[in-house]
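> This is the structure I have questions about; it appears just below.
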Amino acid sequence: MSFDSLEFAFFLPVVFALHWLLPRAPRWQNAFLLVAGYAFYATWDWRLAWVLVLATVVDYGVARYMDAHRPAPGVEDPAARRRLRIALGVSIVYNVGQLCWFKYVGFFAESFNDLMAAAGIEAGVPVLRLALPLGLSYFTLQKLSYVIDVYYGRLPACRSPLTFATFVAFFPQLIAGPIVRGGELLPQLEKPRRLVADRLAAGAGAFMLGFVMKAFVADFLGQKVVNPVFAEPATYSALGHWMALLGYAAQVFCDFAGYSLMAIGVGRLFGVELPPNFNYPFFSKNMMEFWRRWHITLNRWLFDYLYTPFVTGQGRMRGRFDTGLMVVFLVSGLWHGATWGFVLWGALHGVGLVVQRRWDVFYKGLCRQDRKWVQVRKSRRYKAAAWALTQVFFVLTLVPFRAGTLEDTLTFAGGLFAAAGDALPGLDSVMSLHNLAWAVIFLVGYHLLELPAGRRWRARFFGLPSPVRGVAYGMAIVFLFLFMPSSGTTFVYANF
Amino acid sequence: MSAENPPRTWRSVAAVAAAALITVAVADAALQQVRPLFPPVRHVHEGAADLAGGDPHILVVGSSHARSFDVVKRVLAERTGGRHRMVTVPVEMGAFTSYRWVLEHRLAPLIDERDGEGELVRGNLRHLMLVTTFYDMCSIDETGADLNIPARAWTFDHFFRDFLRNGLTAFNRNYVRERWKNLLPFSVLVQDRGAANIAGALKRLVRPEPESAAIEWARQNMEAQYDWCHDPREQKALEDIADFAAERNLELTVILFPLMPEIVTEKARRTTLKRYAEYVAERGRARGFRVVDLTSTTPLRGDDFAVDFDHVTHAGNEKFADWVLEHDLAWMLDGAVLSAERRP
């Protein structure tokens with residue numbers, strides 16, 4: 001069940017009501033949230049719930065072991081340090097191994113066979129096709145960050161197995177993030193939660209906004225504009241290819257930002273604040289800024305737990321910033337999926353960030369020589385060019401991200417400039433045109449409302465009397481009933 | 001976005017929720033003026049309940065057209081003084097695979113039910129009648145009639161078992177969707193989800209569409225179905241239904257239901273309809289079941305069909321019932337329906 005599904009419309013009110021009817025004690029609230037989390041997970045495939053259980057048990061045990069065997073502050077105890085490192089190793093091997101087993105073993109075997117075949121050797125390595133436990137990529141990173149934080153003493157190990165299990169299986173963020181850290185969620189779960197009107201309103205608002213983004217904009221664009229062109233690129237014109245690509249950029253943003261907002265909204269309904277995952281990435285004027293605004297919780301994980309230890313640690317990678325960026329984005333690509341299309345996507349972004357870093361170094365040199373370059377950088381023209389370059393780069397790199405295989409990537413990329421067909425997507429009926437217009441208006445409006453003038457409009461709206469706002473929300477609900485696609489797709493990011 | 005919001009009180013939250021709810025209710029009522037709610041119709045559940053509560057002589061299974069036989073049932077009862085009993089089981093948007101599922105899973109337990117002494121509880125049942133049209137043999141994609149089974153014919157038990165086996169899927173979620181619709185039968189917004197009838201009605205309100213355009217679309221659609229209305233899965237389902245009837249000593253009659261004459265072109269007659277009629281007739285000869293082709297033989301005319309050009313109006317059904325009991329289905333009035341030997 002996903003947040004925009006009908007089943008969730010049954011599930012959420014029941015869970016919400018029961019949760020707040022329970023005694024306001026963490027023990028009761030967490031126990032109930034744990035049951036709800038496993039029930040939610042089981043609706044996808046209850047037979048894979050053991051993966052979640054086992055992963056929880058392993059990391060709870062490892063973290064507790066670390067706390068129990070940590071040398072006292074100021075005491076040098078190499079044996080204890082070694083034991084901690086071994087415990088950390090066990091957790092990393094287990095988590096990464098589990099991820100590799102379910103997600104990558106087939107991909108690597110198949111790639112190896114292809115490589116050998118290209119060299120004229122029949123390798124014949126069996127290619128396993130395993131069902132990927134839902135949310136594995138997300139809760140694996142969540143637990144790894146927890147164990148690493150405990151290892152470095154940044155976080156005490158959670159003593160309560162119930163609280164820790166709830167931390168892992170907290171259903172609003174279990175399937176597709178935000179990838180929350182122990183330091184963010186555990187303290188909230190350890191305290192009793194109260195239902196507050198302000199938080200309920202904020203949660204409902206975030207959920208509704210996310211719902212519109214996912215169930216109307218993303219699903220409509222996916223079904224009518226994006227999928228037909230990627231399925232049969234030969235039928236569509238170059239303009240059709242560009243529409244599909246731009247549509248996909250909007251779709252994937254609305255799909256995942258919408259999901260994240262719904263997760264944050266649901267979290268608030270249970271008195272828990274989850275970290276933001278998107279912050280208007282289409283305002284970004286360089287790729288580094290973009291990745292600070294897009295899938296924030298994944299990228300901060302990659303930079304905090306991969307990039308920073310690599311380039312600031314004592315190993316051979318120390319100071320190798322470009323290599324660090326390449327590694328981070330290749331891992332990011334592979335994290336998104338076990339295909340060469342994702343690897344290529346990651347490599348392109350790695351190269352993009354390396355080029356940007358070098359440009360920054362070069363430009364700083366210019367600024368040191370002549371201060372006029374500082375003014376140039378602050379000029380509107382420079383900012384506009386930087387913005388356009390960033391967005392065009394992001395959109396173009398979505399081709400391998402969506403196409404999946406290298407062959408399809410090349411076919412689609414070729415179609416952007418010289419297409420065989422002459423059709424345009426999503427324009428087959430008045431209703432489609434109507435929905436396309438509303439999707440564009442929503443997206444533009446969503447971004448304009450974040451600008452200073454837009455913020456004033458927003459403040460004015462939220463200052464309106466409650467019944468007036470209620471009428472507006474009611475009209476939005478009626479609109480969704482009438483025009484929201486009826487056969488919604490799964491969340492794009494839930495597949496990763 | 002919430003950081004700049006003024007703090008909310010419980011009163012303001014309740015006011016927003018109430019205003020939103022009232023707006024939706026008012027909009028729902030207003031939209032019912034544009035697109036009135038369909039009156040409730042019988043589905044598989046009602047048909048199965050009728051069978052469970054009775055011991056009919058004739059069991060009619062079919063698509064939505066089987067509802068026309070509710071009038072036939074009434075007229076039959078009137079003419080036989082209630083001695084000849086019929087039960088109808090309409091499977092909305094059905095096809096042969098759907099009828100097979102309904103027969104095997106919903107009706108077989110009732111048809112085969114025996115009392116403590118081993119006697120059939122419904123031993124009078126002698127005739128199985130299948131109400132079909134050419135599209136019962138069309139290929140069904142995943143959004144088509146296959147999904148109709150969870151939505152229209154499943155019980156909670158079927159849903160739960162499928163859920164345990166496969167988790168929540170696009171297929172079994174149709175069960176949940178239909179139950180949700182049943183919870184709010186008074187809301188046109190809820191009932192219209194997935195059908196887009198309101199949007200269509202609003203569109204026609206702004207830009208009226210001549211009826212001729214809709215008729216032309218229906219004609220072309222029927223002609224085009226020649227290419228895919230011979231799905232082997234559906235054909236196999238018809239064979240299975242023939243087996244089902246034979247195993248239970250039920251006489252099978254396959255009826256090709258009347259089509260609105262205005263939408264049947266000469267080309268459709270030579271292609272789609274001919275292929276279907278010939279196929280069913282050939283299978284009838286081979287398997288020994290009766291085929292009654294009413295596609296164009298009844299006195300039903302354009303006015304007797306509803307605005308969807310497919311279903312028959314109430315007055316049309318009366319005309320159909322009177323006519324069919326005097327012609328192709330006159331045997332239903334015959335005492336042989338009653339006097340035939342009980343099933344073993």
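Numbering starts fresh at 1 for the residues of each chain in the structure tokens, the chains themselves are lettered A, B, ... in the order given, and ligands are numbered from 1 as they appear.
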Find the residues around stretch 30-46 of chain B up to 6 Å (only C-alpha atoms counted), leave out those fewer than 6 positions away in its own chain, and share them as number ranges by chain.
B: 89-91, 153, 188, 198
> Once you count only C-alpha atoms, what closest atom pair and distance in Å to one decimal does each residue of chain A within 7 Å of chain B have, with rows by chain and rising residue number, as JSON lines?

{"residue": "A:Met1", "atom": "CA", "partner": "B:Leu168", "partner_atom": "CA", "distance": 6.6}
{"residue": "A:Leu6", "atom": "CA", "partner": "B:Arg177", "partner_atom": "CA", "distance": 6.8}
{"residue": "A:Glu7", "atom": "CA", "partner": "B:Val176", "partner_atom": "CA", "distance": 6.9}
{"residue": "A:Thr43", "atom": "CA", "partner": "B:Gly167", "partner_atom": "CA", "distance": 5.4}
{"residue": "A:Trp44", "atom": "CA", "partner": "B:Gly167", "partner_atom": "CA", "distance": 5.0}
{"residue": "A:Asp45", "atom": "CA", "partner": "B:Gly167", "partner_atom": "CA", "distance": 4.9}
{"residue": "A:Ala197", "atom": "CA", "partner": "B:Trp10", "partner_atom": "CA", "distance": 5.2}
{"residue": "A:Asp198", "atom": "CA", "partner": "B:Arg8", "partner_atom": "CA", "distance": 4.7}
{"residue": "A:Ala201", "atom": "CA", "partner": "B:Val13", "partner_atom": "CA", "distance": 6.5}
{"residue": "A:Ala202", "atom": "CA", "partner": "B:Ser2", "partner_atom": "CA", "distance": 5.9}
{"residue": "A:Ala459", "atom": "CA", "partner": "B:Glu4", "partner_atom": "CA", "distance": 6.8}
{"residue": "A:Phe462", "atom": "CA", "partner": "B:Asn5", "partner_atom": "CA", "distance": 6.1}
{"residue": "A:Ser466", "atom": "CA", "partner": "B:Val16", "partner_atom": "CA", "distance": 5.1}
{"residue": "A:Pro467", "atom": "CA", "partner": "B:Ala19", "partner_atom": "CA", "distance": 5.2}
{"residue": "A:Arg469", "atom": "CA", "partner": "B:Val16", "partner_atom": "CA", "distance": 6.3}
{"residue": "A:Gly470", "atom": "CA", "partner": "B:Val16", "partner_atom": "CA", "distance": 4.0}
{"residue": "A:Val471", "atom": "CA", "partner": "B:Ala20", "partner_atom": "CA", "distance": 5.0}
{"residue": "A:Tyr473", "atom": "CA", "partner": "B:Ala20", "partner_atom": "CA", "distance": 5.8}
{"residue": "A:Gly474", "atom": "CA", "partner": "B:Ala20", "partner_atom": "CA", "distance": 3.9}
{"residue": "A:Met475", "atom": "CA", "partner": "B:Thr23", "partner_atom": "CA", "distance": 6.6}
{"residue": "A:Val478", "atom": "CA", "partner": "B:Val24", "partner_atom": "CA", "distance": 6.0}
{"residue": "A:Phe481", "atom": "CA", "partner": "B:Leu189", "partner_atom": "CA", "distance": 6.2}
{"residue": "A:Leu482", "atom": "CA", "partner": "B:Ala199", "partner_atom": "CA", "distance": 6.5}
{"residue": "A:Ser486", "atom": "CA", "partner": "B:Gly194", "partner_atom": "CA", "distance": 4.9}
> With N, CA and C atoms retained, could you export that selection as an mmCIF file, in the first residue's frame?

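File produced: again_33.cif:
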data_model
loop_
_atom_site.group_PDB
_atom_site.id
_atom_site.type_symbol
_atom_site.label_atom_id
_atom_site.label_comp_id
_atom_site.auth_asym_id
_atom_site.auth_seq_id
_atom_site.Cartn_x
_atom_site.Cartn_y
_atom_site.Cartn_z
ATOM 1 N N MET A 1 0.845 -1.184 0.000
ATOM 2 C CA MET A 1 0.000 0.000 0.000
ATOM 3 C C MET A 1 0.886 1.241 0.000
ATOM 4 N N LEU A 6 -5.965 3.830 -2.122
ATOM 5 C CA LEU A 6 -7.238 3.784 -1.418
ATOM 6 C C LEU A 6 -7.105 3.025 -0.090
ATOM 7 N N GLU A 7 -6.257 1.987 -0.111
ATOM 8 C CA GLU A 7 -6.093 1.190 1.110
ATOM 9 C C GLU A 7 -5.538 2.066 2.237
ATOM 10 N N THR A 43 1.845 -5.458 3.708
ATOM 11 C CA THR A 43 0.893 -5.338 2.601
ATOM 12 C C THR A 43 1.604 -5.442 1.254
ATOM 13 N N TRP A 44 2.894 -5.152 1.219
ATOM 14 C CA TRP A 44 3.631 -5.314 -0.047
ATOM 15 C C TRP A 44 3.928 -6.791 -0.268
ATOM 16 N N ASP A 45 4.555 -7.391 0.727
ATOM 17 C CA ASP A 45 4.832 -8.821 0.658
ATOM 18 C C ASP A 45 5.278 -9.271 2.047
ATOM 19 N N ALA A 197 -2.837 20.665 17.764
ATOM 20 C CA ALA A 197 -3.611 21.145 16.602
ATOM 21 C C ALA A 197 -2.689 21.676 15.513
ATOM 22 N N ASP A 198 -1.694 22.439 15.911
ATOM 23 C CA ASP A 198 -0.791 23.050 14.946
ATOM 24 C C ASP A 198 -0.058 21.984 14.118
ATOM 25 N N ALA A 201 -2.471 20.206 11.766
ATOM 26 C CA ALA A 201 -2.770 21.029 10.591
ATOM 27 C C ALA A 201 -1.584 21.014 9.629
ATOM 28 N N ALA A 202 -0.383 21.146 10.186
ATOM 29 C CA ALA A 202 0.817 21.145 9.334
ATOM 30 C C ALA A 202 0.977 19.795 8.641
ATOM 31 N N ALA A 459 1.347 33.843 2.743
ATOM 32 C CA ALA A 459 1.041 34.305 4.097
ATOM 33 C C ALA A 459 -0.373 34.871 4.140
ATOM 34 N N PHE A 462 -2.820 31.953 4.189
ATOM 35 C CA PHE A 462 -2.892 31.281 5.492
ATOM 36 C C PHE A 462 -3.480 32.186 6.571
ATOM 37 N N SER A 466 -10.608 30.639 8.680
ATOM 38 C CA SER A 466 -10.571 29.179 8.509
ATOM 39 C C SER A 466 -11.607 28.670 7.514
ATOM 40 N N PRO A 467 -12.863 29.119 7.577
ATOM 41 C CA PRO A 467 -13.851 28.576 6.627
ATOM 42 C C PRO A 467 -13.478 28.858 5.170
ATOM 43 N N ARG A 469 -10.450 29.129 3.924
ATOM 44 C CA ARG A 469 -9.394 28.164 3.547
ATOM 45 C C ARG A 469 -10.000 26.771 3.376
ATOM 46 N N GLY A 470 -10.951 26.447 4.220
ATOM 47 C CA GLY A 470 -11.609 25.145 4.111
ATOM 48 C C GLY A 470 -12.304 24.973 2.771
ATOM 49 N N VAL A 471 -12.952 26.049 2.302
ATOM 50 C CA VAL A 471 -13.623 25.991 0.996
ATOM 51 C C VAL A 471 -12.579 25.735 -0.106
ATOM 52 N N TYR A 473 -9.682 24.245 0.173
ATOM 53 C CA TYR A 473 -9.214 22.852 0.252
ATOM 54 C C TYR A 473 -10.298 21.898 -0.288
ATOM 55 N N GLY A 474 -11.550 22.223 0.031
ATOM 56 C CA GLY A 474 -12.658 21.392 -0.460
ATOM 57 C C GLY A 474 -12.699 21.386 -1.978
ATOM 58 N N MET A 475 -12.486 22.561 -2.569
ATOM 59 C CA MET A 475 -12.494 22.639 -4.040
ATOM 60 C C MET A 475 -11.328 21.838 -4.625
ATOM 61 N N VAL A 478 -12.394 18.237 -4.610
ATOM 62 C CA VAL A 478 -13.342 17.955 -5.705
ATOM 63 C C VAL A 478 -12.576 17.846 -7.030
ATOM 64 N N PHE A 481 -10.883 14.511 -7.222
ATOM 65 C CA PHE A 481 -11.851 13.436 -7.502
ATOM 66 C C PHE A 481 -12.164 13.379 -8.993
ATOM 67 N N LEU A 482 -12.293 14.565 -9.594
ATOM 68 C CA LEU A 482 -12.724 14.605 -10.987
ATOM 69 C C LEU A 482 -11.596 14.296 -11.970
ATOM 70 N N SER A 486 -7.050 7.619 -12.507
ATOM 71 C CA SER A 486 -7.641 6.621 -11.606
ATOM 72 C C SER A 486 -6.726 5.439 -11.355
#
> Would you work out the distance separating atom CA of A:Val225 from atom CA of A:Ser284, expressed in Å to one decimal?
24.8 Å
> As a PyMOL selection string, please: the residues near B:Ser212 (cut-off 12 Å, only C-alpha atoms, same-chain neighbours under 5 positions excluded).
chain B and resi 217-219+262-263+307+309
> Would you output that residue set with all heavy atoms, as a tab-separated table (two decimals), in the first residue's frame?

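After the write, part_33.tsv holds the following:
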chain	number	residue	atom	x	y	z
B	217	TRP	N	-18.58	6.56	-33.59
B	217	TRP	CA	-17.50	5.98	-32.78
B	217	TRP	C	-17.84	4.52	-32.43
B	217	TRP	O	-16.99	3.64	-32.52
B	217	TRP	CB	-17.32	6.80	-31.50
B	217	TRP	CG	-16.23	6.25	-30.64
B	217	TRP	CD1	-14.90	6.54	-30.70
B	217	TRP	CD2	-16.37	5.26	-29.60
B	217	TRP	NE1	-14.21	5.81	-29.77
B	217	TRP	CE2	-15.08	5.01	-29.08
B	217	TRP	CE3	-17.45	4.55	-29.06
B	217	TRP	CZ2	-14.84	4.10	-28.05
B	217	TRP	CZ3	-17.21	3.64	-28.04
B	217	TRP	CH2	-15.92	3.43	-27.55
B	218	ALA	N	-19.10	4.29	-32.05
B	218	ALA	CA	-19.52	2.93	-31.67
B	218	ALA	C	-19.42	1.98	-32.87
B	218	ALA	O	-18.99	0.83	-32.73
B	218	ALA	CB	-20.95	2.95	-31.14
B	219	ARG	N	-19.78	2.49	-34.05
B	219	ARG	CA	-19.69	1.66	-35.26
B	219	ARG	C	-18.24	1.27	-35.54
B	219	ARG	O	-17.92	0.10	-35.78
B	219	ARG	CB	-20.23	2.43	-36.47
B	219	ARG	CG	-21.72	2.56	-36.48
B	219	ARG	CD	-22.14	3.46	-37.61
B	219	ARG	NE	-23.59	3.52	-37.74
B	219	ARG	CZ	-24.23	4.44	-38.44
B	219	ARG	NH1	-23.56	5.37	-39.09
B	219	ARG	NH2	-25.55	4.42	-38.51
B	262	GLU	N	-28.67	0.56	-35.13
B	262	GLU	CA	-28.00	1.73	-35.71
B	262	GLU	C	-26.48	1.66	-35.63
B	262	GLU	O	-25.79	2.35	-36.38
B	262	GLU	CB	-28.47	3.01	-35.00
B	262	GLU	CG	-29.84	3.49	-35.43
B	262	GLU	CD	-30.97	2.73	-34.76
B	262	GLU	OE1	-30.71	1.71	-34.08
B	262	GLU	OE2	-32.14	3.13	-34.93
B	263	ILE	N	-25.95	0.86	-34.72
B	263	ILE	CA	-24.49	0.83	-34.61
B	263	ILE	C	-23.89	-0.38	-35.35
B	263	ILE	O	-22.67	-0.54	-35.38
B	263	ILE	CB	-24.00	0.86	-33.14
B	263	ILE	CG1	-24.43	-0.40	-32.40
B	263	ILE	CG2	-24.46	2.10	-32.44
B	263	ILE	CD1	-23.68	-0.60	-31.09
B	307	VAL	N	-28.77	5.45	-23.69
B	307	VAL	CA	-27.88	6.42	-24.35
B	307	VAL	C	-26.47	5.87	-24.58
B	307	VAL	O	-25.69	6.45	-25.31
B	307	VAL	CB	-27.78	7.73	-23.54
B	307	VAL	CG1	-29.05	8.52	-23.63
B	307	VAL	CG2	-27.41	7.44	-22.09
B	309	PHE	N	-25.96	3.17	-26.11
B	309	PHE	CA	-26.13	2.37	-27.34
B	309	PHE	C	-25.90	0.88	-27.09
B	309	PHE	O	-25.65	0.13	-28.02
B	309	PHE	CB	-25.18	2.82	-28.47
B	309	PHE	CG	-25.21	4.28	-28.74
B	309	PHE	CD1	-24.04	4.97	-29.04
B	309	PHE	CD2	-26.39	4.99	-28.72
B	309	PHE	CE1	-24.07	6.33	-29.29
B	309	PHE	CE2	-26.43	6.35	-28.99
B	309	PHE	CZ	-25.26	7.02	-29.26
> So that I can check the surroundings of B:Asp293, please list as a list in words every protein, DNA and RNA residue that reaches within 10 Å of it, counting only C-alpha atoms and ignoring chain neighbours fewer than 6 positions away.
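Close residues of B:Asp293: Thr132, Thr133, Val254, Ile255, Leu256, Phe257, Pro258, Ala277, Val280, Ala281 and Asp328 of chain B.
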> Write out as number ranges by chain all residues of stretch 62-269 of chain B that DSSP puts in strand (DSSP E) for this structure's backbone.
B: 62, 86-90, 127-132, 251-256
> Produce a file of the selected residues containing N, CA, C and O atoms, as a tab-separated table (two decimals), in the first residue's frame.

chain	number	residue	atom	x	y	z
B	62	GLY	N	-24.37	-13.87	-17.32
B	62	GLY	CA	-23.96	-13.08	-18.47
B	62	GLY	C	-23.40	-11.75	-18.04
B	62	GLY	O	-23.23	-11.50	-16.84
B	86	MET	N	-36.47	-18.64	-12.48
B	86	MET	CA	-35.19	-18.29	-13.10
B	86	MET	C	-34.39	-17.43	-12.12
B	86	MET	O	-34.97	-16.65	-11.35
B	87	VAL	N	-33.09	-17.57	-12.13
B	87	VAL	CA	-32.21	-16.68	-11.36
B	87	VAL	C	-31.20	-16.09	-12.33
B	87	VAL	O	-30.66	-16.80	-13.17
B	88	THR	N	-30.99	-14.77	-12.23
B	88	THR	CA	-30.01	-14.12	-13.13
B	88	THR	C	-28.80	-13.68	-12.32
B	88	THR	O	-28.93	-13.20	-11.19
B	89	VAL	N	-27.63	-13.85	-12.92
B	89	VAL	CA	-26.38	-13.44	-12.28
B	89	VAL	C	-25.61	-12.56	-13.26
B	89	VAL	O	-24.87	-13.05	-14.11
B	90	PRO	N	-25.79	-11.24	-13.18
B	90	PRO	CA	-25.08	-10.35	-14.11
B	90	PRO	C	-23.65	-10.06	-13.64
B	90	PRO	O	-23.43	-9.76	-12.48
B	127	HIS	N	-31.18	-25.82	-16.46
B	127	HIS	CA	-30.72	-25.04	-17.61
B	127	HIS	C	-29.72	-23.97	-17.18
B	127	HIS	O	-29.98	-23.24	-16.23
B	128	LEU	N	-28.64	-23.91	-17.91
B	128	LEU	CA	-27.69	-22.82	-17.71
B	128	LEU	C	-27.71	-21.99	-18.99
B	128	LEU	O	-27.49	-22.51	-20.08
B	129	MET	N	-27.97	-20.72	-18.83
B	129	MET	CA	-28.06	-19.85	-20.00
B	129	MET	C	-26.97	-18.79	-19.92
B	129	MET	O	-26.81	-18.14	-18.89
B	130	LEU	N	-26.21	-18.64	-20.99
B	130	LEU	CA	-25.09	-17.70	-21.02
B	130	LEU	C	-25.46	-16.55	-21.95
B	130	LEU	O	-25.71	-16.78	-23.14
B	131	VAL	N	-25.55	-15.35	-21.40
B	131	VAL	CA	-25.93	-14.19	-22.22
B	131	VAL	C	-24.64	-13.49	-22.67
B	131	VAL	O	-23.89	-12.97	-21.84
B	132	THR	N	-24.38	-13.49	-23.96
B	132	THR	CA	-23.08	-13.02	-24.45
B	132	THR	C	-23.24	-12.04	-25.61
B	132	THR	O	-24.31	-11.90	-26.19
B	251	GLU	N	-28.37	-28.28	-19.14
B	251	GLU	CA	-28.48	-27.94	-20.56
B	251	GLU	C	-27.95	-26.53	-20.76
B	251	GLU	O	-28.44	-25.60	-20.13
B	252	LEU	N	-26.99	-26.37	-21.64
B	252	LEU	CA	-26.39	-25.05	-21.83
B	252	LEU	C	-26.98	-24.37	-23.06
B	252	LEU	O	-27.10	-24.98	-24.13
B	253	THR	N	-27.37	-23.13	-22.89
B	253	THR	CA	-27.84	-22.31	-24.02
B	253	THR	C	-26.99	-21.05	-24.06
B	253	THR	O	-26.87	-20.36	-23.04
B	254	VAL	N	-26.39	-20.77	-25.20
B	254	VAL	CA	-25.61	-19.54	-25.35
B	254	VAL	C	-26.42	-18.56	-26.19
B	254	VAL	O	-26.81	-18.88	-27.31
B	255	ILE	N	-26.69	-17.41	-25.59
B	255	ILE	CA	-27.51	-16.41	-26.28
B	255	ILE	C	-26.61	-15.28	-26.77
B	255	ILE	O	-25.79	-14.75	-26.01
B	256	LEU	N	-26.74	-14.92	-28.02
B	256	LEU	CA	-26.05	-13.75	-28.55
B	256	LEU	C	-27.03	-12.59	-28.44
B	256	LEU	O	-28.02	-12.53	-29.16
> Could you pull the residues within 8 Å of A:Phe112, counting only C-alpha atoms, minus those fewer than 4 positions along the same chain, as a PyMOL selection string?
chain A and resi 108+116+123+125
> How far is it from atom CA of A:Val212 to atom CA of A:Val35, in Å with one decimal?
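Distance reported for this atom pair: 28.5 Å.
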> Would you pick out the contacts of B:Leu325 at 9 Å or less, using only C-alpha atoms, so that residues sharing its chain but fewer than 6 positions from it are not included, and give the list as a PDB file with N, CA, C and O atoms, in the first residue's frame?

ATOM      1  N   VAL B  72     -37.409 -10.833 -18.257  1.00  0.00           N
ATOM      2  CA  VAL B  72     -37.820 -12.137 -18.799  1.00  0.00           C
ATOM      3  C   VAL B  72     -38.258 -13.047 -17.649  1.00  0.00           C
ATOM      4  O   VAL B  72     -39.280 -13.741 -17.742  1.00  0.00           O
ATOM      5  N   VAL B  75     -41.738 -12.014 -16.471  1.00  0.00           N
ATOM      6  CA  VAL B  75     -42.783 -12.382 -17.438  1.00  0.00           C
ATOM      7  C   VAL B  75     -42.968 -13.905 -17.449  1.00  0.00           C
ATOM      8  O   VAL B  75     -44.091 -14.414 -17.516  1.00  0.00           O
ATOM      9  N   LEU B  76     -41.841 -14.604 -17.345  1.00  0.00           N
ATOM     10  CA  LEU B  76     -41.900 -16.075 -17.311  1.00  0.00           C
ATOM     11  C   LEU B  76     -42.716 -16.543 -16.099  1.00  0.00           C
ATOM     12  O   LEU B  76     -43.578 -17.430 -16.209  1.00  0.00           O
ATOM     13  N   TRP B 331     -39.440 -22.238 -25.505  1.00  0.00           N
ATOM     14  CA  TRP B 331     -39.293 -23.521 -24.813  1.00  0.00           C
ATOM     15  C   TRP B 331     -39.250 -23.372 -23.293  1.00  0.00           C
ATOM     16  O   TRP B 331     -39.500 -24.317 -22.557  1.00  0.00           O
ATOM     17  N   MET B 332     -38.965 -22.149 -22.840  1.00  0.00           N
ATOM     18  CA  MET B 332     -38.909 -21.956 -21.384  1.00  0.00           C
ATOM     19  C   MET B 332     -40.297 -22.032 -20.753  1.00  0.00           C
ATOM     20  O   MET B 332     -40.434 -22.226 -19.547  1.00  0.00           O
ATOM     21  N   LEU B 333     -41.294 -21.805 -21.581  1.00  0.00           N
ATOM     22  CA  LEU B 333     -42.662 -21.901 -21.066  1.00  0.00           C
ATOM     23  C   LEU B 333     -43.148 -23.340 -21.060  1.00  0.00           C
ATOM     24  O   LEU B 333     -44.164 -23.661 -20.430  1.00  0.00           O
TER      25      LEU B 333
END
> Between atom CA of A:Leu54 and atom CA of A:Gly267, what is the spacing in Å?
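Taking atom CA of A:Gly267 as the start and atom CA of A:Leu54 as the end point, the length is 24.3 Å.
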